[in-house]
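The structure appears below as structure tokens.
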Amino acid sequence: MNFAYYPGCSARGSSKDYEMSTQAVCKALDMNLVDIPDWNCCGSTPAHAVDTELSAALCVRNLDIAAQQQAELLLTPCPSCLSNLKLAAKRMEDPTFRERVDELLDGPSARAFPPVTSVMQGIAEAYDMETIAARVRKSLKGLRLAAYYGCLMSRPAEIMNFGDPENPTLMESMLAACGAEMVDFPLKTACCGASFGIPERVMTARNSGRILDLATQLDVDAVIVACPLCQMNLDLRQEQASKEMGTTFRLPVLYFTQMMGIAFGLDHKELGLNKLRVSPDGLIRKLDELRRNSAAADKAAEGGRS
């Protein structure tokens, strides 16, 4: 199955591991992600903070390309890209706004754009949880994981269409299908500090520290994310969060696609696990030990029956 794909800028730079694992997992599920040609940056946070119409024009150009390609659906892995693309499409319903954006683009855009959704939702719409479970080669059974969505994936609810904006559960369902125990994580949609990691490092460190502290108290093996910026704040800036919280965090923070890829038995380099700041090696060793113990128990049970 071919899917039109908008990778976004971070996929080819700061979140290359997310892109690698997304491509690997989708390939394992026979989902072929095809980049829309000549795509451009969606503007991220800075653009719409400066000029709503210019920001929308950046997104509309991408949506227009997808429409010209006759895409039925456009997938993107990044919540910020997803939010910007969806909001731009919504704003273009206003004829006056559309006229101004089209003027910026030097011509009329498509009258209708293909719907945009996250890669996570795209996988779930293509395959039910039983099909995902059937693809598992190395069960995550025995791991305790916390799903962290961040503040953008499910808000605003009427635009993002991602279930309960305060309590989304899709990531839990997908990783539970891979065998993991998903803990109830009350801060799953709390803000990590987002792009304030540069101008307001202390605030971001405190926000991220709060999330990491709760995850530590819940004794999870890893925090699982779906946002490049959340991953950066919780993983790369973990030392800053530790300093603000007066403790030392050493908690792996993986993308949901990396965790699914591990369950699918995919090569760890292909998943970009070596690019994580906090090494997931301890988690991998625990998982291998759990599998060995399970295999030994099964063998002993077989011997007892014979």
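Following the order of the structure tokens, first chain is A, next is B, and so on, with residues numbered from 1 inside each chain and ligands from 1 in the order they appear.
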
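Residues of range 73-278 of chain A that DSSP, applied to the backbone, places in strand (DSSP E or B): Leu74, Leu75, Thr76, Val116, Thr117, Ser118, Arg144, Leu145, Ala146, Ala147, Glu181, Met182, Ala222, Val223, Ile224, Val225, Val253, Leu254 and Tyr255 of chain A.
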
With N, CA and C atoms retained, write the just-selected residues as a PDB file, in the first residue's frame.
```pdb
ATOM      1  N   LEU A  74      -2.720  12.014   3.514  1.00  0.00           N
ATOM      2  CA  LEU A  74      -1.346  12.457   3.711  1.00  0.00           C
ATOM      3  C   LEU A  74      -0.926  12.141   5.134  1.00  0.00           C
ATOM      4  N   LEU A  75       0.144  11.373   5.287  1.00  0.00           N
ATOM      5  CA  LEU A  75       0.650  10.994   6.603  1.00  0.00           C
ATOM      6  C   LEU A  75       1.852  11.851   6.974  1.00  0.00           C
ATOM      7  N   THR A  76       1.971  12.173   8.255  1.00  0.00           N
ATOM      8  CA  THR A  76       3.155  12.860   8.763  1.00  0.00           C
ATOM      9  C   THR A  76       3.458  12.338  10.159  1.00  0.00           C
ATOM     10  N   VAL A 116      -5.254  14.945   6.372  1.00  0.00           N
ATOM     11  CA  VAL A 116      -3.923  14.710   6.937  1.00  0.00           C
ATOM     12  C   VAL A 116      -4.079  13.981   8.265  1.00  0.00           C
ATOM     13  N   THR A 117      -3.226  12.997   8.496  1.00  0.00           N
ATOM     14  CA  THR A 117      -3.273  12.279   9.771  1.00  0.00           C
ATOM     15  C   THR A 117      -1.874  11.887  10.188  1.00  0.00           C
ATOM     16  N   SER A 118      -1.723  11.496  11.435  1.00  0.00           N
ATOM     17  CA  SER A 118      -0.410  11.086  11.938  1.00  0.00           C
ATOM     18  C   SER A 118      -0.072   9.686  11.438  1.00  0.00           C
ATOM     19  N   ARG A 144       7.410  -2.461  31.418  1.00  0.00           N
ATOM     20  CA  ARG A 144       6.436  -1.447  31.847  1.00  0.00           C
ATOM     21  C   ARG A 144       6.777  -0.151  31.114  1.00  0.00           C
ATOM     22  N   LEU A 145       5.828   0.348  30.354  1.00  0.00           N
ATOM     23  CA  LEU A 145       6.075   1.536  29.539  1.00  0.00           C
ATOM     24  C   LEU A 145       5.049   2.629  29.836  1.00  0.00           C
ATOM     25  N   ALA A 146       5.487   3.876  29.720  1.00  0.00           N
ATOM     26  CA  ALA A 146       4.596   5.027  29.866  1.00  0.00           C
ATOM     27  C   ALA A 146       4.462   5.704  28.512  1.00  0.00           C
ATOM     28  N   ALA A 147       3.239   5.843  28.013  1.00  0.00           N
ATOM     29  CA  ALA A 147       2.991   6.540  26.753  1.00  0.00           C
ATOM     30  C   ALA A 147       2.861   8.032  27.045  1.00  0.00           C
ATOM     31  N   GLU A 181       3.287  -3.902  29.065  1.00  0.00           N
ATOM     32  CA  GLU A 181       2.346  -3.442  30.094  1.00  0.00           C
ATOM     33  C   GLU A 181       2.380  -1.913  30.076  1.00  0.00           C
ATOM     34  N   MET A 182       1.256  -1.286  29.779  1.00  0.00           N
ATOM     35  CA  MET A 182       1.189   0.169  29.702  1.00  0.00           C
ATOM     36  C   MET A 182       0.619   0.725  31.006  1.00  0.00           C
ATOM     37  N   ALA A 222      10.734   2.619  30.315  1.00  0.00           N
ATOM     38  CA  ALA A 222      10.985   3.653  29.316  1.00  0.00           C
ATOM     39  C   ALA A 222       9.752   4.532  29.158  1.00  0.00           C
ATOM     40  N   VAL A 223       9.991   5.747  28.699  1.00  0.00           N
ATOM     41  CA  VAL A 223       8.910   6.648  28.285  1.00  0.00           C
ATOM     42  C   VAL A 223       8.861   6.588  26.769  1.00  0.00           C
ATOM     43  N   ILE A 224       7.667   6.442  26.213  1.00  0.00           N
ATOM     44  CA  ILE A 224       7.506   6.293  24.769  1.00  0.00           C
ATOM     45  C   ILE A 224       6.803   7.526  24.213  1.00  0.00           C
ATOM     46  N   VAL A 225       7.389   8.104  23.157  1.00  0.00           N
ATOM     47  CA  VAL A 225       6.886   9.373  22.620  1.00  0.00           C
ATOM     48  C   VAL A 225       6.572   9.263  21.129  1.00  0.00           C
ATOM     49  N   VAL A 253      14.129   7.155  26.548  1.00  0.00           N
ATOM     50  CA  VAL A 253      12.962   7.798  25.929  1.00  0.00           C
ATOM     51  C   VAL A 253      12.980   7.416  24.448  1.00  0.00           C
ATOM     52  N   LEU A 254      12.091   6.501  24.066  1.00  0.00           N
ATOM     53  CA  LEU A 254      12.069   5.971  22.703  1.00  0.00           C
ATOM     54  C   LEU A 254      10.828   6.433  21.956  1.00  0.00           C
ATOM     55  N   TYR A 255      10.932   6.506  20.637  1.00  0.00           N
ATOM     56  CA  TYR A 255       9.762   6.735  19.804  1.00  0.00           C
ATOM     57  C   TYR A 255       8.918   5.458  19.759  1.00  0.00           C
TER      58      TYR A 255
END
```

Within 10 Å of range 49-52 of chain A, counting only C-alpha atoms, which residues qualify if same-chain residues fewer than 5 places away don't, as a JSON list (two decimals) with N, CA, C and O atoms, in the first residue's frame?
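Ended up saving to part_12.json:
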```
[["chain", "number", "residue", "atom", "x", "y", "z"],
["A", 43, "GLY", "N", 6.76, 25.54, 8.77],
["A", 43, "GLY", "CA", 6.86, 26.79, 9.53],
["A", 43, "GLY", "C", 7.05, 26.56, 11.01],
["A", 43, "GLY", "O", 7.44, 27.47, 11.75],
["A", 44, "SER", "N", 6.72, 25.35, 11.47],
["A", 44, "SER", "CA", 6.86, 24.99, 12.87],
["A", 44, "SER", "C", 6.21, 26.05, 13.77],
["A", 44, "SER", "O", 5.22, 26.67, 13.40],
["A", 57, "ALA", "N", 0.41, 29.73, 4.31],
["A", 57, "ALA", "CA", 0.88, 29.59, 2.93],
["A", 57, "ALA", "C", 1.93, 28.49, 2.81],
["A", 57, "ALA", "O", 1.94, 27.72, 1.84],
["A", 88, "ALA", "N", -4.06, 24.89, 8.89],
["A", 88, "ALA", "CA", -4.04, 25.64, 7.63],
["A", 88, "ALA", "C", -5.21, 25.24, 6.75],
["A", 88, "ALA", "O", -5.89, 26.10, 6.17],
["A", 91, "ARG", "N", -8.36, 26.79, 8.16],
["A", 91, "ARG", "CA", -8.44, 28.24, 7.94],
["A", 91, "ARG", "C", -8.77, 28.57, 6.48],
["A", 91, "ARG", "O", -9.37, 29.60, 6.19],
["A", 97, "PHE", "N", -9.67, 34.49, 3.92],
["A", 97, "PHE", "CA", -8.35, 33.99, 4.31],
["A", 97, "PHE", "C", -7.72, 33.27, 3.11],
["A", 97, "PHE", "O", -6.54, 33.46, 2.79],
["A", 101, "VAL", "N", -4.08, 34.00, 1.17],
["A", 101, "VAL", "CA", -3.04, 32.98, 1.08],
["A", 101, "VAL", "C", -2.73, 32.67, -0.38],
["A", 101, "VAL", "O", -1.56, 32.54, -0.77]]
```

Contact residues around Gly282 in chain A with only C-alpha atoms at 12 Å, ignoring same-chain residues under 3 positions, as an mmCIF file with N, CA and C atoms, in the first residue's frame:
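Listing of result02.cif after writing:
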```
data_model
loop_
_atom_site.group_PDB
_atom_site.id
_atom_site.type_symbol
_atom_site.label_atom_id
_atom_site.label_comp_id
_atom_site.auth_asym_id
_atom_site.auth_seq_id
_atom_site.Cartn_x
_atom_site.Cartn_y
_atom_site.Cartn_z
ATOM 1 N N LEU A 143 7.848 -5.692 30.054
ATOM 2 C CA LEU A 143 8.260 -4.289 30.104
ATOM 3 C C LEU A 143 7.096 -3.416 30.559
ATOM 4 N N ASP A 221 10.091 1.154 32.507
ATOM 5 C CA ASP A 221 11.367 0.855 31.858
ATOM 6 C C ASP A 221 11.730 1.903 30.817
ATOM 7 N N ALA A 222 10.734 2.619 30.315
ATOM 8 C CA ALA A 222 10.985 3.653 29.316
ATOM 9 C C ALA A 222 9.752 4.532 29.158
ATOM 10 N N ARG A 250 18.003 8.495 34.538
ATOM 11 C CA ARG A 250 18.644 7.712 33.475
ATOM 12 C C ARG A 250 17.568 6.844 32.848
ATOM 13 N N LEU A 251 16.576 7.512 32.282
ATOM 14 C CA LEU A 251 15.397 6.812 31.773
ATOM 15 C C LEU A 251 15.378 6.874 30.242
ATOM 16 N N PRO A 252 15.388 5.728 29.575
ATOM 17 C CA PRO A 252 15.326 5.738 28.105
ATOM 18 C C PRO A 252 14.022 6.355 27.612
ATOM 19 N N VAL A 278 20.118 8.804 25.997
ATOM 20 C CA VAL A 278 20.119 7.833 27.091
ATOM 21 C C VAL A 278 20.015 6.453 26.463
ATOM 22 N N SER A 279 21.031 5.644 26.659
ATOM 23 C CA SER A 279 21.100 4.347 25.988
ATOM 24 C C SER A 279 19.945 3.429 26.392
ATOM 25 N N ARG A 285 18.613 -5.475 27.238
ATOM 26 C CA ARG A 285 19.119 -6.619 28.017
ATOM 27 C C ARG A 285 18.008 -7.234 28.868
ATOM 28 N N LYS A 286 17.192 -6.393 29.486
ATOM 29 C CA LYS A 286 16.086 -6.901 30.295
ATOM 30 C C LYS A 286 15.125 -7.708 29.431
ATOM 31 N N LEU A 287 14.834 -7.210 28.243
ATOM 32 C CA LEU A 287 13.913 -7.885 27.344
ATOM 33 C C LEU A 287 14.486 -9.237 26.909
ATOM 34 N N ASP A 288 15.782 -9.275 26.609
ATOM 35 C CA ASP A 288 16.432 -10.531 26.217
ATOM 36 C C ASP A 288 16.398 -11.542 27.364
ATOM 37 N N GLU A 289 16.614 -11.043 28.590
ATOM 38 C CA GLU A 289 16.583 -11.928 29.756
ATOM 39 C C GLU A 289 15.175 -12.476 29.991
#
```

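With only C-alpha atoms as the atoms that count, the minimum distance from Cys59 in chain A to the choices A:Pro108, A:Pro186, A:Pro77, A:Gly8 is reached by A:Gly8.
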
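Proximity to Arg206 in chain A was assessed for A:Met160, A:Ala180, A:Ala194, A:Leu152 counting only C-alpha atoms; the smallest distance is recorded for A:Ala194.
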
So that each row is one residue of range 143-194 of chain A with an atom at most 12 Å from range 120-136 of chain A, can you give its shortest atom pair and the distance in Å to one decimal, using only C-alpha atoms, rows by chain and rising number, as a tab-separated table?
```
residue	atom	partner	partner_atom	distance
A:Tyr149	CA	A:Met120	CA	11.2
A:Met153	CA	A:Met120	CA	10.5
A:Ser154	CA	A:Gln121	CA	11.6
A:Met160	CA	A:Gln121	CA	11.0
A:Asn161	CA	A:Gln121	CA	10.0
A:Phe162	CA	A:Gln121	CA	8.2
A:Gly163	CA	A:Gln121	CA	10.5
A:Pro168	CA	A:Gln121	CA	11.6
A:Thr169	CA	A:Gln121	CA	11.3
A:Leu170	CA	A:Gln121	CA	7.9
A:Met171	CA	A:Met120	CA	7.7
A:Glu172	CA	A:Met129	CA	10.8
A:Ser173	CA	A:Met129	CA	7.2
A:Met174	CA	A:Met129	CA	6.4
A:Leu175	CA	A:Ala133	CA	9.1
A:Ala176	CA	A:Ala133	CA	8.6
A:Ala177	CA	A:Ala133	CA	4.9
A:Cys178	CA	A:Ala133	CA	5.5
A:Gly179	CA	A:Ala133	CA	7.9
A:Ala180	CA	A:Ala133	CA	11.0
```

Residue nearest Ser294 in chain A - candidates A:Lys141, A:Cys78, A:Cys151, A:Pro46, atoms counted: only C-alpha atoms: A:Lys141

Near-Ala11 in chain A list (9 Å; only C-alpha atoms; drop same-chain fewer than 6 positions) as a PyMOL selection string: chain A and resi 17-20+77-78+228

Distance query range 240-243 of chain A at most 10 Å, only C-alpha atoms, self and fewer than 3 positions along chain excluded, as a ChimeraX atom specification: /A:201-213,233-237,246-250

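CA of Met259 in chain A is positioned 28.4 Å from CA of Glu244 in chain A.
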
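Across the model, the gap from CA of Gly261 in chain A to CA of Ala295 in chain A is 21.2 Å.
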
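Each of A:Ser55, A:Ser139, A:Ala89, A:Asp64 was compared to Ala110 in chain A using only C-alpha atoms, and A:Asp64 turns out to be the nearest.
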
Where does range 88-171 of chain A meet range 67-71 of chain A within 8 Å, residue by residue, with the nearest atom pair and distance in Å to one decimal for each, counting only C-alpha atoms, listed by chain and rising number, as JSON lines?
```
{"residue": "A:Ala110", "atom": "CA", "partner": "A:Ala67", "partner_atom": "CA", "distance": 6.7}
{"residue": "A:Ala112", "atom": "CA", "partner": "A:Ala67", "partner_atom": "CA", "distance": 7.4}
{"residue": "A:Phe113", "atom": "CA", "partner": "A:Ala67", "partner_atom": "CA", "distance": 5.6}
{"residue": "A:Pro114", "atom": "CA", "partner": "A:Ala67", "partner_atom": "CA", "distance": 6.1}
```

DSSP-assigned helix (DSSP H, G or I) members of range 26-270 of chain A, reported as a count of residues only: 123

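In this comparison, which uses only C-alpha atoms, the residue of A:Ser15, A:Gly142, A:Asn32, A:Pro7 approaching Leu283 in chain A most closely is A:Gly142.
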
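Separating CA of Pro95 in chain A from CA of His48 in chain A is a distance of 19.3 Å.
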
Among listed residues A:Lys275, A:Ser109, A:His268, A:Asn2, nearest Leu29 in chain A (using only C-alpha atoms): A:Asn2
